[in-house]
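All remarks here apply to the structure that follows.
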Amino acid sequence: MLRRWRPQNLQQIEAVEQADKVKELRTALGPLSGHGLKFCSDACLRRYLEARNWNVDKAKKMLEETLKWRSTYKPQDIRWHEVAHEGETGKVSRADFHDRSGRTVLIMRPGMQNTTSSDGNVRHLVYLLENAILNLPEGQEQMSWLVDFNGWSLNTNISIKTTRDIIHVLQNHYPERLAIVVLYNPPKFFEAFWKVVKFFVDPKTFEKIRFVYPNNKQSAEVMKSFFDAENLPSEFGGKASLKYDHEEFSRLMAEEDVKTAKYWGSDNMPCNDMNEKSGSELTPVV
């Protein structure tokens with residue numbers, strides 16, 4: 001008597017095939033050392049394969065480009081005192097809560113934009129991306145973004161170039177790191193900006209972007225599925241309050257810098273008295 005073919009059989013076969021792809025990609029990459037070896041975990045290889053539809057050659061090319069970028073840009077060596085001035089207004093910060101799946105949440109408030117430097121804005125975000133990843137729970141590979149458009153205007157908007165640079169870094173060097181991007185209550189004139197920006201967004205990232213509006217049933221369901229209203233700030237329809245204290249956040253990031261340096265085995269440690277200073281007062285290590 002033949003057994004009925006069950007869906008889990010297909011899932012098991014797919015899991016085996018994907019594991020083989022990971023091994024194939026690791027072999028194709030060849031010997032790795034230092035940061036490259038630590039960076040290229042099996043989970044990392046899976047994300048790059050997923051981003052390239054499990055095509056080993058394409059995933060290898062993408063990952064090699066990231067390893068080259070990381071060797072020159074050195075995102076793991078960025079420290080808070082280098083980017084603290086970008087964060088003085090709280091335009092991007094790590095939330096003190098997680099989403100329903102335990103993912104790190106980054107809160108973005110473009111209305112708080114305080115600088116015009118493309119390099120500065122990108123470096124600040126890269127620092128927070130690296131920190132968000134380091135704070136993901138075991139087994140979780142993705143984060144969530146909440147974008148609050150309160151106070152946003154064409155005067156506070158970042159340039160198309162900066163937006164394009166951010167999208168490029170995110171898509172090419174942090175693949176499959178986003179679970180959802182919530183664009184909360186964007187004003188009508190954001191549509192013109194979005195029409196230009198969306199052409200830089202690849203299909204996989206595009207699928208994760210949600211336009212969410214208050215007093216909208218469908219939007220409420222999206223937020224409920226990802227976030228607990230008790231933790232969610234009122235700016236996003238929740239019951240909590242959103243407060244950004246730059247000195248307090250600077251102290252937290254100084255502690256995080258120690259953890260980052262320890263994780264990567266880096267010599268680029270923060271100053272001994274960094275915990276006692278606000279971000280605007282921090283001075284680089286000489």
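Note on naming: chains are A, B, ... as they come in the structure tokens, residues start from 1 per chain, ligands start from 1 in the order shown.
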List every residue of range 184-271 of chain A that has an atom at most 9 Å from any atom of range 115-135 of chain A, and for each one report the closest atom pair and its distance in Å to one decimal, counting only C-alpha atoms, with rows sorted by chain and then by increasing residue number, as CSV.
residue,atom,partner,partner_atom,distance
A:Met253,CA,A:Asn131,CA,8.6
A:Glu256,CA,A:Asn131,CA,7.5
A:Asp257,CA,A:Asn131,CA,8.5
A:Lys259,CA,A:Leu134,CA,8.8
A:Thr260,CA,A:Leu134,CA,7.5
A:Tyr263,CA,A:Leu134,CA,8.7
Since we have the selection now, will you write its residues out, keeping all heavy atoms, as a PDB file, in the first residue's frame?
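Result went into selection_4.pdb, see below:
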ATOM      1  N   MET A 253      24.940  53.118  23.759  1.00  0.00           N
ATOM      2  CA  MET A 253      25.756  52.747  22.606  1.00  0.00           C
ATOM      3  C   MET A 253      27.233  52.576  22.980  1.00  0.00           C
ATOM      4  O   MET A 253      27.939  51.769  22.381  1.00  0.00           O
ATOM      5  CB  MET A 253      25.618  53.799  21.497  1.00  0.00           C
ATOM      6  CG  MET A 253      24.248  53.838  20.840  1.00  0.00           C
ATOM      7  SD  MET A 253      23.806  52.269  20.001  1.00  0.00           S
ATOM      8  CE  MET A 253      22.700  51.541  21.231  1.00  0.00           C
ATOM      9  N   GLU A 256      27.408  49.218  24.131  1.00  0.00           N
ATOM     10  CA  GLU A 256      27.280  48.332  22.977  1.00  0.00           C
ATOM     11  C   GLU A 256      28.594  48.253  22.197  1.00  0.00           C
ATOM     12  O   GLU A 256      28.937  47.205  21.641  1.00  0.00           O
ATOM     13  CB  GLU A 256      26.162  48.831  22.052  1.00  0.00           C
ATOM     14  CG  GLU A 256      24.762  48.713  22.628  1.00  0.00           C
ATOM     15  CD  GLU A 256      24.313  47.272  22.754  1.00  0.00           C
ATOM     16  OE1 GLU A 256      24.409  46.520  21.768  1.00  0.00           O
ATOM     17  OE2 GLU A 256      23.898  46.885  23.858  1.00  0.00           O
ATOM     18  N   ASP A 257      29.339  49.352  22.169  1.00  0.00           N
ATOM     19  CA  ASP A 257      30.629  49.362  21.463  1.00  0.00           C
ATOM     20  C   ASP A 257      31.608  48.369  22.084  1.00  0.00           C
ATOM     21  O   ASP A 257      32.396  47.732  21.381  1.00  0.00           O
ATOM     22  CB  ASP A 257      31.233  50.764  21.478  1.00  0.00           C
ATOM     23  CG  ASP A 257      30.570  51.704  20.481  1.00  0.00           C
ATOM     24  OD1 ASP A 257      29.791  51.216  19.640  1.00  0.00           O
ATOM     25  OD2 ASP A 257      30.836  52.917  20.551  1.00  0.00           O
ATOM     26  N   LYS A 259      30.736  45.621  23.587  1.00  0.00           N
ATOM     27  CA  LYS A 259      30.242  44.309  23.177  1.00  0.00           C
ATOM     28  C   LYS A 259      30.612  44.011  21.721  1.00  0.00           C
ATOM     29  O   LYS A 259      31.002  42.888  21.385  1.00  0.00           O
ATOM     30  CB  LYS A 259      28.719  44.253  23.355  1.00  0.00           C
ATOM     31  CG  LYS A 259      28.112  42.896  23.060  1.00  0.00           C
ATOM     32  CD  LYS A 259      26.675  42.830  23.562  1.00  0.00           C
ATOM     33  CE  LYS A 259      25.750  43.733  22.796  1.00  0.00           C
ATOM     34  NZ  LYS A 259      24.333  43.556  23.210  1.00  0.00           N
ATOM     35  N   THR A 260      30.514  45.039  20.879  1.00  0.00           N
ATOM     36  CA  THR A 260      30.859  44.872  19.467  1.00  0.00           C
ATOM     37  C   THR A 260      32.334  44.534  19.287  1.00  0.00           C
ATOM     38  O   THR A 260      32.700  43.629  18.536  1.00  0.00           O
ATOM     39  CB  THR A 260      30.536  46.165  18.677  1.00  0.00           C
ATOM     40  OG1 THR A 260      29.134  46.424  18.766  1.00  0.00           O
ATOM     41  CG2 THR A 260      30.933  46.022  17.212  1.00  0.00           C
ATOM     42  N   TYR A 263      32.979  41.018  20.329  1.00  0.00           N
ATOM     43  CA  TYR A 263      32.441  40.045  19.374  1.00  0.00           C
ATOM     44  C   TYR A 263      33.375  39.867  18.178  1.00  0.00           C
ATOM     45  O   TYR A 263      33.651  38.749  17.740  1.00  0.00           O
ATOM     46  CB  TYR A 263      31.056  40.488  18.896  1.00  0.00           C
ATOM     47  CG  TYR A 263      30.461  39.567  17.851  1.00  0.00           C
ATOM     48  CD1 TYR A 263      29.820  38.390  18.223  1.00  0.00           C
ATOM     49  CD2 TYR A 263      30.539  39.882  16.486  1.00  0.00           C
ATOM     50  CE1 TYR A 263      29.276  37.541  17.269  1.00  0.00           C
ATOM     51  CE2 TYR A 263      30.007  39.045  15.529  1.00  0.00           C
ATOM     52  CZ  TYR A 263      29.377  37.876  15.932  1.00  0.00           C
ATOM     53  OH  TYR A 263      28.848  37.039  14.968  1.00  0.00           O
TER      54      TYR A 263
END
**Report entry** Residue contacts of Lys74 in chain A (12 Å, only C-alpha atoms) excluding same-chain residues fewer than 4 positions away, as a ChimeraX atom specification
**Finding:** /A:35-36,66-70,78-79,123,126-127,130,264,266,268
Export of the given selection (N, CA and C atoms) as a PDB file, in the first residue's frame:
ATOM      1  N   HIS A  35      37.798  38.328   9.988  1.00  0.00           N
ATOM      2  CA  HIS A  35      36.416  38.781   9.999  1.00  0.00           C
ATOM      3  C   HIS A  35      35.578  38.050   8.957  1.00  0.00           C
ATOM      4  N   GLY A  36      36.187  37.736   7.819  1.00  0.00           N
ATOM      5  CA  GLY A  36      35.464  37.044   6.761  1.00  0.00           C
ATOM      6  C   GLY A  36      34.952  35.690   7.214  1.00  0.00           C
ATOM      7  N   THR A  66      30.403  41.882  -0.910  1.00  0.00           N
ATOM      8  CA  THR A  66      30.200  42.337   0.461  1.00  0.00           C
ATOM      9  C   THR A  66      31.478  42.207   1.282  1.00  0.00           C
ATOM     10  N   LEU A  67      32.174  41.082   1.129  1.00  0.00           N
ATOM     11  CA  LEU A  67      33.422  40.884   1.867  1.00  0.00           C
ATOM     12  C   LEU A  67      34.447  41.950   1.484  1.00  0.00           C
ATOM     13  N   LYS A  68      34.474  42.316   0.211  1.00  0.00           N
ATOM     14  CA  LYS A  68      35.379  43.373  -0.246  1.00  0.00           C
ATOM     15  C   LYS A  68      34.963  44.716   0.364  1.00  0.00           C
ATOM     16  N   TRP A  69      33.653  44.980   0.362  1.00  0.00           N
ATOM     17  CA  TRP A  69      33.135  46.230   0.948  1.00  0.00           C
ATOM     18  C   TRP A  69      33.444  46.297   2.435  1.00  0.00           C
ATOM     19  N   ARG A  70      33.235  45.205   3.152  1.00  0.00           N
ATOM     20  CA  ARG A  70      33.484  45.186   4.594  1.00  0.00           C
ATOM     21  C   ARG A  70      34.969  45.357   4.920  1.00  0.00           C
ATOM     22  N   ILE A  78      33.132  50.749  13.245  1.00  0.00           N
ATOM     23  CA  ILE A  78      32.547  52.070  13.501  1.00  0.00           C
ATOM     24  C   ILE A  78      32.121  52.135  14.965  1.00  0.00           C
ATOM     25  N   ARG A  79      32.436  53.229  15.623  1.00  0.00           N
ATOM     26  CA  ARG A  79      32.066  53.417  17.013  1.00  0.00           C
ATOM     27  C   ARG A  79      31.154  54.645  17.156  1.00  0.00           C
ATOM     28  N   ARG A 123      26.803  56.209   7.098  1.00  0.00           N
ATOM     29  CA  ARG A 123      27.667  55.622   8.128  1.00  0.00           C
ATOM     30  C   ARG A 123      26.913  55.466   9.451  1.00  0.00           C
ATOM     31  N   VAL A 126      24.561  52.518   9.002  1.00  0.00           N
ATOM     32  CA  VAL A 126      25.324  51.266   8.992  1.00  0.00           C
ATOM     33  C   VAL A 126      25.700  50.873  10.415  1.00  0.00           C
ATOM     34  N   TYR A 127      26.126  51.861  11.209  1.00  0.00           N
ATOM     35  CA  TYR A 127      26.463  51.590  12.612  1.00  0.00           C
ATOM     36  C   TYR A 127      25.267  50.961  13.334  1.00  0.00           C
ATOM     37  N   GLU A 130      24.490  47.356  12.151  1.00  0.00           N
ATOM     38  CA  GLU A 130      25.409  46.392  12.762  1.00  0.00           C
ATOM     39  C   GLU A 130      25.014  46.131  14.213  1.00  0.00           C
ATOM     40  N   TRP A 264      33.858  40.992  17.642  1.00  0.00           N
ATOM     41  CA  TRP A 264      34.702  40.928  16.449  1.00  0.00           C
ATOM     42  C   TRP A 264      36.183  40.760  16.771  1.00  0.00           C
ATOM     43  N   SER A 266      38.057  43.069  18.026  1.00  0.00           N
ATOM     44  CA  SER A 266      38.669  44.288  17.498  1.00  0.00           C
ATOM     45  C   SER A 266      39.494  45.002  18.549  1.00  0.00           C
ATOM     46  N   ASN A 268      39.782  48.203  18.222  1.00  0.00           N
ATOM     47  CA  ASN A 268      39.200  49.545  18.195  1.00  0.00           C
ATOM     48  C   ASN A 268      38.186  49.679  19.319  1.00  0.00           C
TER      49      ASN A 268
END
List every residue of range 111-176 of chain A that has an atom at most 7 Å from any atom of range 90-104 of chain A, and for each one report the closest atom pair and its distance in Å to one decimal, counting only C-alpha atoms, with rows sorted by chain and then by increasing residue number, as CSV.
residue,atom,partner,partner_atom,distance
A:Met112,CA,A:Lys91,CA,5.0
A:Gln113,CA,A:Lys91,CA,5.8
A:Ala132,CA,A:Thr104,CA,5.8
A:Asn135,CA,A:Thr104,CA,6.7
A:Leu136,CA,A:Thr104,CA,5.9
A:Pro137,CA,A:Gly102,CA,6.8
A:Gln140,CA,A:Arg103,CA,6.9
A:Gln142,CA,A:Arg103,CA,6.3
A:Met143,CA,A:Arg103,CA,5.0
A:Ser144,CA,A:Thr104,CA,6.4
Filtering to all heavy atoms, could you give me those residues as a PDB file, in the first residue's frame?
ATOM      1  N   MET A 112      13.191  64.518  11.658  1.00  0.00           N
ATOM      2  CA  MET A 112      14.244  64.959  12.579  1.00  0.00           C
ATOM      3  C   MET A 112      15.606  65.062  11.893  1.00  0.00           C
ATOM      4  O   MET A 112      16.634  65.175  12.552  1.00  0.00           O
ATOM      5  CB  MET A 112      14.360  63.968  13.753  1.00  0.00           C
ATOM      6  CG  MET A 112      13.106  63.829  14.567  1.00  0.00           C
ATOM      7  SD  MET A 112      12.769  65.318  15.518  1.00  0.00           S
ATOM      8  CE  MET A 112      11.404  64.777  16.537  1.00  0.00           C
ATOM      9  N   GLN A 113      15.613  65.021  10.579  1.00  0.00           N
ATOM     10  CA  GLN A 113      16.866  65.080   9.831  1.00  0.00           C
ATOM     11  C   GLN A 113      17.652  66.330  10.211  1.00  0.00           C
ATOM     12  O   GLN A 113      17.119  67.446  10.223  1.00  0.00           O
ATOM     13  CB  GLN A 113      16.583  65.082   8.328  1.00  0.00           C
ATOM     14  CG  GLN A 113      17.808  65.119   7.450  1.00  0.00           C
ATOM     15  CD  GLN A 113      18.718  63.911   7.689  1.00  0.00           C
ATOM     16  OE1 GLN A 113      19.896  64.063   7.969  1.00  0.00           O
ATOM     17  NE2 GLN A 113      18.169  62.716   7.582  1.00  0.00           N
ATOM     18  N   ALA A 132      21.974  46.547  15.532  1.00  0.00           N
ATOM     19  CA  ALA A 132      20.695  45.833  15.555  1.00  0.00           C
ATOM     20  C   ALA A 132      20.904  44.344  15.327  1.00  0.00           C
ATOM     21  O   ALA A 132      20.289  43.498  15.987  1.00  0.00           O
ATOM     22  CB  ALA A 132      19.756  46.405  14.490  1.00  0.00           C
ATOM     23  N   ASN A 135      22.209  42.473  18.251  1.00  0.00           N
ATOM     24  CA  ASN A 135      21.232  42.312  19.325  1.00  0.00           C
ATOM     25  C   ASN A 135      20.044  41.432  18.936  1.00  0.00           C
ATOM     26  O   ASN A 135      19.056  41.372  19.677  1.00  0.00           O
ATOM     27  CB  ASN A 135      20.730  43.693  19.774  1.00  0.00           C
ATOM     28  CG  ASN A 135      21.704  44.384  20.708  1.00  0.00           C
ATOM     29  OD1 ASN A 135      21.745  44.115  21.895  1.00  0.00           O
ATOM     30  ND2 ASN A 135      22.522  45.273  20.140  1.00  0.00           N
ATOM     31  N   LEU A 136      20.140  40.748  17.794  1.00  0.00           N
ATOM     32  CA  LEU A 136      19.088  39.799  17.418  1.00  0.00           C
ATOM     33  C   LEU A 136      19.181  38.554  18.292  1.00  0.00           C
ATOM     34  O   LEU A 136      20.281  38.090  18.599  1.00  0.00           O
ATOM     35  CB  LEU A 136      19.229  39.409  15.940  1.00  0.00           C
ATOM     36  CG  LEU A 136      18.885  40.469  14.902  1.00  0.00           C
ATOM     37  CD1 LEU A 136      19.273  39.983  13.508  1.00  0.00           C
ATOM     38  CD2 LEU A 136      17.394  40.807  14.945  1.00  0.00           C
ATOM     39  N   PRO A 137      18.035  37.996  18.683  1.00  0.00           N
ATOM     40  CA  PRO A 137      18.079  36.760  19.468  1.00  0.00           C
ATOM     41  C   PRO A 137      18.571  35.597  18.603  1.00  0.00           C
ATOM     42  O   PRO A 137      18.515  35.662  17.371  1.00  0.00           O
ATOM     43  CB  PRO A 137      16.620  36.556  19.888  1.00  0.00           C
ATOM     44  CG  PRO A 137      15.822  37.282  18.856  1.00  0.00           C
ATOM     45  CD  PRO A 137      16.661  38.459  18.450  1.00  0.00           C
ATOM     46  N   GLN A 140      17.250  34.289  14.985  1.00  0.00           N
ATOM     47  CA  GLN A 140      16.549  35.356  14.276  1.00  0.00           C
ATOM     48  C   GLN A 140      17.548  36.136  13.422  1.00  0.00           C
ATOM     49  O   GLN A 140      18.582  36.575  13.910  1.00  0.00           O
ATOM     50  CB  GLN A 140      15.862  36.289  15.276  1.00  0.00           C
ATOM     51  CG  GLN A 140      15.073  37.414  14.644  1.00  0.00           C
ATOM     52  CD  GLN A 140      14.001  36.949  13.682  1.00  0.00           C
ATOM     53  OE1 GLN A 140      14.204  36.970  12.450  1.00  0.00           O
ATOM     54  NE2 GLN A 140      12.887  36.493  14.203  1.00  0.00           N
ATOM     55  N   GLN A 142      16.432  38.681  11.073  1.00  0.00           N
ATOM     56  CA  GLN A 142      15.857  39.897  10.505  1.00  0.00           C
ATOM     57  C   GLN A 142      15.482  40.917  11.564  1.00  0.00           C
ATOM     58  O   GLN A 142      15.332  40.600  12.740  1.00  0.00           O
ATOM     59  CB  GLN A 142      14.632  39.537   9.669  1.00  0.00           C
ATOM     60  CG  GLN A 142      14.947  38.661   8.465  1.00  0.00           C
ATOM     61  CD  GLN A 142      13.721  38.365   7.640  1.00  0.00           C
ATOM     62  OE1 GLN A 142      12.663  38.020   8.162  1.00  0.00           O
ATOM     63  NE2 GLN A 142      13.857  38.501   6.324  1.00  0.00           N
ATOM     64  N   MET A 143      15.322  42.152  11.123  1.00  0.00           N
ATOM     65  CA  MET A 143      14.897  43.259  11.973  1.00  0.00           C
ATOM     66  C   MET A 143      13.676  43.927  11.360  1.00  0.00           C
ATOM     67  O   MET A 143      13.308  43.660  10.212  1.00  0.00           O
ATOM     68  CB  MET A 143      16.032  44.272  12.139  1.00  0.00           C
ATOM     69  CG  MET A 143      16.352  45.040  10.868  1.00  0.00           C
ATOM     70  SD  MET A 143      17.832  46.080  10.999  1.00  0.00           S
ATOM     71  CE  MET A 143      19.131  44.866  10.783  1.00  0.00           C
ATOM     72  N   SER A 144      13.047  44.798  12.135  1.00  0.00           N
ATOM     73  CA  SER A 144      11.893  45.556  11.647  1.00  0.00           C
ATOM     74  C   SER A 144      12.203  47.049  11.711  1.00  0.00           C
ATOM     75  O   SER A 144      12.888  47.503  12.631  1.00  0.00           O
ATOM     76  CB  SER A 144      10.653  45.248  12.491  1.00  0.00           C
ATOM     77  OG  SER A 144      10.259  43.901  12.357  1.00  0.00           O
TER      78      SER A 144
END
Find the residues of range 201-223 of chain A that sit at most 12 Å from range 51-57 of chain A; for each, write down the nearest two atoms and how far apart they are in Å, to one decimal. Count only C-alpha atoms. Sort by chain, then by number going up, and give it as a tab-separated table.
residue	atom	partner	partner_atom	distance
A:Asp202	CA	A:Ala51	CA	10.1
A:Pro203	CA	A:Ala51	CA	10.3
A:Lys204	CA	A:Ala51	CA	7.7
A:Thr205	CA	A:Ala51	CA	9.7
Could those residues be written to a file, using N, CA and C atoms, as a PDB file, in the first residue's frame?
ATOM      1  N   ASP A 202      14.724  46.736  -4.996  1.00  0.00           N
ATOM      2  CA  ASP A 202      14.532  45.461  -5.689  1.00  0.00           C
ATOM      3  C   ASP A 202      13.221  44.819  -5.243  1.00  0.00           C
ATOM      4  N   PRO A 203      12.677  43.888  -6.034  1.00  0.00           N
ATOM      5  CA  PRO A 203      11.362  43.287  -5.749  1.00  0.00           C
ATOM      6  C   PRO A 203      11.258  42.654  -4.370  1.00  0.00           C
ATOM      7  N   LYS A 204      12.313  41.975  -3.915  1.00  0.00           N
ATOM      8  CA  LYS A 204      12.260  41.317  -2.611  1.00  0.00           C
ATOM      9  C   LYS A 204      12.094  42.330  -1.478  1.00  0.00           C
ATOM     10  N   THR A 205      12.801  43.449  -1.570  1.00  0.00           N
ATOM     11  CA  THR A 205      12.678  44.497  -0.553  1.00  0.00           C
ATOM     12  C   THR A 205      11.336  45.200  -0.674  1.00  0.00           C
TER      13      THR A 205
END
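Coordinates place CA of Leu10 in chain A at a distance of 26.7 Å from CA of Ala28 in chain A.
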